[in-house]
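Everything below concerns the one structure shown next.
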Amino acid sequence: VTEKIVEIILVSQNSDGSAHLAPFGIRYRDKEVLIAPYKPSITLENLLSGRSATINMTSDVRIFAGAVTGRYEAPVKDYDGVWGLEGASRVQQIELDRVFDDPIRPELYFKLGHQYILDGFDGFNRASHAVLELSILVTRLNRLPIQEVRMQMNQLQIILDKTAGEKELEAWRWLQDAIDHFESTQ
Ligand SMILES: Cc1cc2nc3c(=O)[nH]c(=O)nc-3n(C[C@H](O)[C@H](O)[C@H](O)COP(=O)(O)O)c2cc1C
């Protein structure tokens with residue numbers, strides 16, 4: 001069975017009350033959502049202790065690249081008691097229902113709560129997808145051969161060069177710096 005995975009920004013709450021942003025691929029199942037964070041993860045800790053969070057949909061790929069490089073923290077606001085992205089197209093509250101623990105990748109099921117629809121769909125953009133792909137590669141630098149990362153990056157660069165705007169280029173540079181830095185410290 002294939003299941004569509006939707007790439008979103010998960011906003012959870014740290015123990016000090018501040019917001020924590022991380023990209024996750026989520027699966028909708030009936031009226032629930034499944035999130036599977038690899039251990040260790042700040043998000044996982046926050047979800048287990050706080051039990052509520054928001055799923056945030058945005059086409060601003062700087063938020064994805066920024067979260068994985070630590071170069072940019074998007075503005076957040078309070079959505080009736082839960083942190084969410086200020087500029088998102090949609091923000092949906094989720095409530096932890098049950099957990100299937102696992103030493104590598106536990107599965108967390110959430111009930112869907114209120115959804116704030118803030119802005120409409122603003123179109124597909126190939127460079128955005130290229131940035132998303134490079135963001136994932138950056139989170140896997142420890143597990144993938146660097147030549148593999150460089151090869152995929154070169155392919156994605158072609159798409160970026162054809163279709164990027166300023167935000168996509170900025171996000172790309174952060175990711176590029178992170179890869180260069182990783183490689184130079186090996
Ligand atoms: C588009 C995208 C999707 C991701 N999906 C997942 C996921 O489903 N599970 C996961 O553990 N990490 C995923 N990651 C990586 C996490 O965002 C990253 O490891 C992050 O550091 C989470 O750790 P934290 O909660 O400690 O901040 C994804 C990254 C990107 C860029």
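Going through the structure tokens in order, the chains are called A, B, and so on, while each chain numbers its residues from 1 and the ligands are numbered from 1 in the order shown.
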To check your reading of the model: which residues sit at most 6 Å from ligand 1 when counting only C-alpha atoms and all ligand atoms? Write the answer as a compact mmCIF listing (two decimals) with N, CA and C atoms, in the first residue's frame.
# COMPACT_ATOMS: atom_id res chain seq x y z
N GLU A 7 4.81 17.00 3.41
CA GLU A 7 5.92 17.64 4.13
C GLU A 7 5.44 18.93 4.79
N ALA A 22 10.31 21.98 13.36
CA ALA A 22 11.04 20.94 12.64
C ALA A 22 10.21 20.42 11.48
N PRO A 23 10.85 20.18 10.33
CA PRO A 23 10.11 19.60 9.21
C PRO A 23 9.86 18.10 9.44
N PHE A 24 8.69 17.67 9.11
CA PHE A 24 8.34 16.25 9.19
C PHE A 24 7.47 15.86 8.00
N GLY A 25 7.61 14.61 7.61
CA GLY A 25 6.72 14.03 6.60
C GLY A 25 5.61 13.29 7.34
N ALA A 36 6.19 9.99 12.59
CA ALA A 36 7.17 8.99 13.03
C ALA A 36 8.56 9.63 13.13
N PRO A 37 8.91 10.16 14.31
CA PRO A 37 10.23 10.80 14.47
C PRO A 37 11.32 9.78 14.83
N TYR A 38 12.44 9.88 14.13
CA TYR A 38 13.60 9.06 14.51
C TYR A 38 14.11 9.56 15.85
N SER A 41 15.15 13.00 19.22
CA SER A 41 14.54 14.16 18.59
C SER A 41 13.89 15.05 19.65
N ILE A 42 14.19 16.33 19.55
CA ILE A 42 13.59 17.31 20.47
C ILE A 42 12.08 17.29 20.29
N THR A 43 11.66 17.24 19.01
CA THR A 43 10.22 17.21 18.71
C THR A 43 9.55 16.04 19.43
N PHE A 64 11.86 25.42 6.06
CA PHE A 64 12.39 24.05 6.07
C PHE A 64 13.92 24.07 6.16
N VAL A 68 16.58 23.05 9.51
CA VAL A 68 17.61 22.01 9.52
C VAL A 68 19.04 22.57 9.55
N LEU A 132 13.47 21.47 -0.75
CA LEU A 132 12.99 20.44 0.19
C LEU A 132 13.88 19.21 0.13
N SER A 135 17.14 19.84 1.74
CA SER A 135 16.96 19.91 3.20
C SER A 135 16.99 18.51 3.81
N ILE A 136 16.31 17.58 3.15
CA ILE A 136 16.31 16.21 3.66
C ILE A 136 17.72 15.63 3.61
N THR A 139 19.73 16.65 6.51
CA THR A 139 19.45 15.92 7.76
C THR A 139 20.01 14.49 7.72
Could I get the residues of segment 25-88 of chain A with an atom no further than 6 Å from an atom of segment 106-128 of chain A, each paired with its nearest atom pair and that distance in Å to one decimal, using only C-alpha atoms, sorted by chain and residue number, as JSON lines?
{"residue": "A:Glu32", "atom": "CA", "partner": "A:Lys111", "partner_atom": "CA", "distance": 5.0}
{"residue": "A:Val33", "atom": "CA", "partner": "A:Phe110", "partner_atom": "CA", "distance": 5.2}
{"residue": "A:Leu34", "atom": "CA", "partner": "A:Tyr109", "partner_atom": "CA", "distance": 4.7}
{"residue": "A:Ile35", "atom": "CA", "partner": "A:Leu108", "partner_atom": "CA", "distance": 5.3}
{"residue": "A:Ala36", "atom": "CA", "partner": "A:Glu107", "partner_atom": "CA", "distance": 4.7}
Discussion item. According to DSSP computed on the backbone, where in segment 17-156 of chain A is there helix (DSSP H, G or I)? Give the residues as a ChimeraX atom specification.
Written reply: /A:42-50,61-69,126-139,146-156
Practice prompt. Skip Asp161 of chain A itself and residues of its chain fewer than 5 positions away, then list as a list in words all residues within 12 Å of it, counting only C-alpha atoms.
Written response: Arg126, Ala127, Ser128, Ala130, Val131, Met153, Asn154, Gln155, Leu156, Glu166, Glu168, Leu169 and Trp172 of chain A
Worksheet entry | Computed interatomic separation between atom CA of Ala74 of chain A and atom CA of Glu45 of chain A (Å) |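 Pair atom CA of Ala74 of chain A / atom CA of Glu45 of chain A returns 21.0 Å.
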Discussion item. Measuring between only C-alpha atoms, which one of A:Phe100, A:Trp83, A:Thr69, A:Thr163 shows the shortest distance to Asp180 of chain A?
Written reply: A:Thr69
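Using only C-alpha atoms, the nearest neighbour of His129 of chain A within the list A:Gln157, A:Gln176, A:Thr54, A:Ser12 is A:Gln157.
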Worksheet item: Suppose you want the space between atom CA of Arg90 of chain A and atom CA of Thr58 of chain A; what is it in Å?
Response: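 Going from atom CA of Arg90 of chain A over to atom CA of Thr58 of chain A covers 7.3 Å.
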Worksheet item: Pick from A:Leu160, A:Arg105, A:Ala65, A:Lys167: nearest to Leu137 of chain A, with only C-alpha atoms counted?
Response: A:Ala65
Item to complete: Can you list, as a PyMOL selection string, all residues belonging to segment 26-175 of chain A that DSSP tags as strand (DSSP E)?
Response: chain A and resi 26-29+32-35+52-57+76-79+82-85+90-100+107-117
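The spacing separating atom CA of Asp30 of chain A from atom CA of Arg98 of chain A amounts to 14.9 Å.
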Worksheet item: Which neighbours of Asp16 of chain A fall inside 12 Å, counting only C-alpha atoms, when residues of the same chain fewer than 4 positions from it are skipped, and could you give them as a ChimeraX atom specification?
Response: /A:12,20,46,50
Could the residues in this selection be saved with all heavy atoms as a PDB file, in the first residue's frame?
ATOM      1  N   SER A  12       6.146  22.431  17.960  1.00  0.00           N
ATOM      2  CA  SER A  12       5.853  21.892  19.295  1.00  0.00           C
ATOM      3  C   SER A  12       6.340  22.894  20.339  1.00  0.00           C
ATOM      4  O   SER A  12       6.911  23.929  19.999  1.00  0.00           O
ATOM      5  CB  SER A  12       6.524  20.528  19.477  1.00  0.00           C
ATOM      6  OG  SER A  12       7.923  20.654  19.337  1.00  0.00           O
ATOM      7  N   HIS A  20       9.262  25.115  19.144  1.00  0.00           N
ATOM      8  CA  HIS A  20      10.283  24.356  18.426  1.00  0.00           C
ATOM      9  C   HIS A  20       9.761  23.972  17.049  1.00  0.00           C
ATOM     10  O   HIS A  20       8.688  23.401  16.930  1.00  0.00           O
ATOM     11  CB  HIS A  20      10.668  23.101  19.208  1.00  0.00           C
ATOM     12  CG  HIS A  20      11.745  22.308  18.537  1.00  0.00           C
ATOM     13  ND1 HIS A  20      13.054  22.738  18.487  1.00  0.00           N
ATOM     14  CD2 HIS A  20      11.714  21.151  17.846  1.00  0.00           C
ATOM     15  CE1 HIS A  20      13.780  21.855  17.811  1.00  0.00           C
ATOM     16  NE2 HIS A  20      12.991  20.887  17.399  1.00  0.00           N
ATOM     17  N   ASN A  46       9.132  16.758  23.053  1.00  0.00           N
ATOM     18  CA  ASN A  46       8.081  17.762  23.247  1.00  0.00           C
ATOM     19  C   ASN A  46       6.688  17.177  23.048  1.00  0.00           C
ATOM     20  O   ASN A  46       5.755  17.510  23.783  1.00  0.00           O
ATOM     21  CB  ASN A  46       8.274  18.933  22.284  1.00  0.00           C
ATOM     22  CG  ASN A  46       9.487  19.783  22.628  1.00  0.00           C
ATOM     23  OD1 ASN A  46      10.080  19.631  23.693  1.00  0.00           O
ATOM     24  ND2 ASN A  46       9.854  20.668  21.716  1.00  0.00           N
ATOM     25  N   GLY A  50       4.225  17.305  26.005  1.00  0.00           N
ATOM     26  CA  GLY A  50       3.165  18.312  25.853  1.00  0.00           C
ATOM     27  C   GLY A  50       1.878  17.797  25.232  1.00  0.00           C
ATOM     28  O   GLY A  50       0.815  18.342  25.445  1.00  0.00           O
TER      29      GLY A  50
END
Fill in: 6 Å contact set for Met57 of chain A, only C-alpha atoms, chain neighbours under 3 positions out, as number ranges by chain
A: 8, 88-90
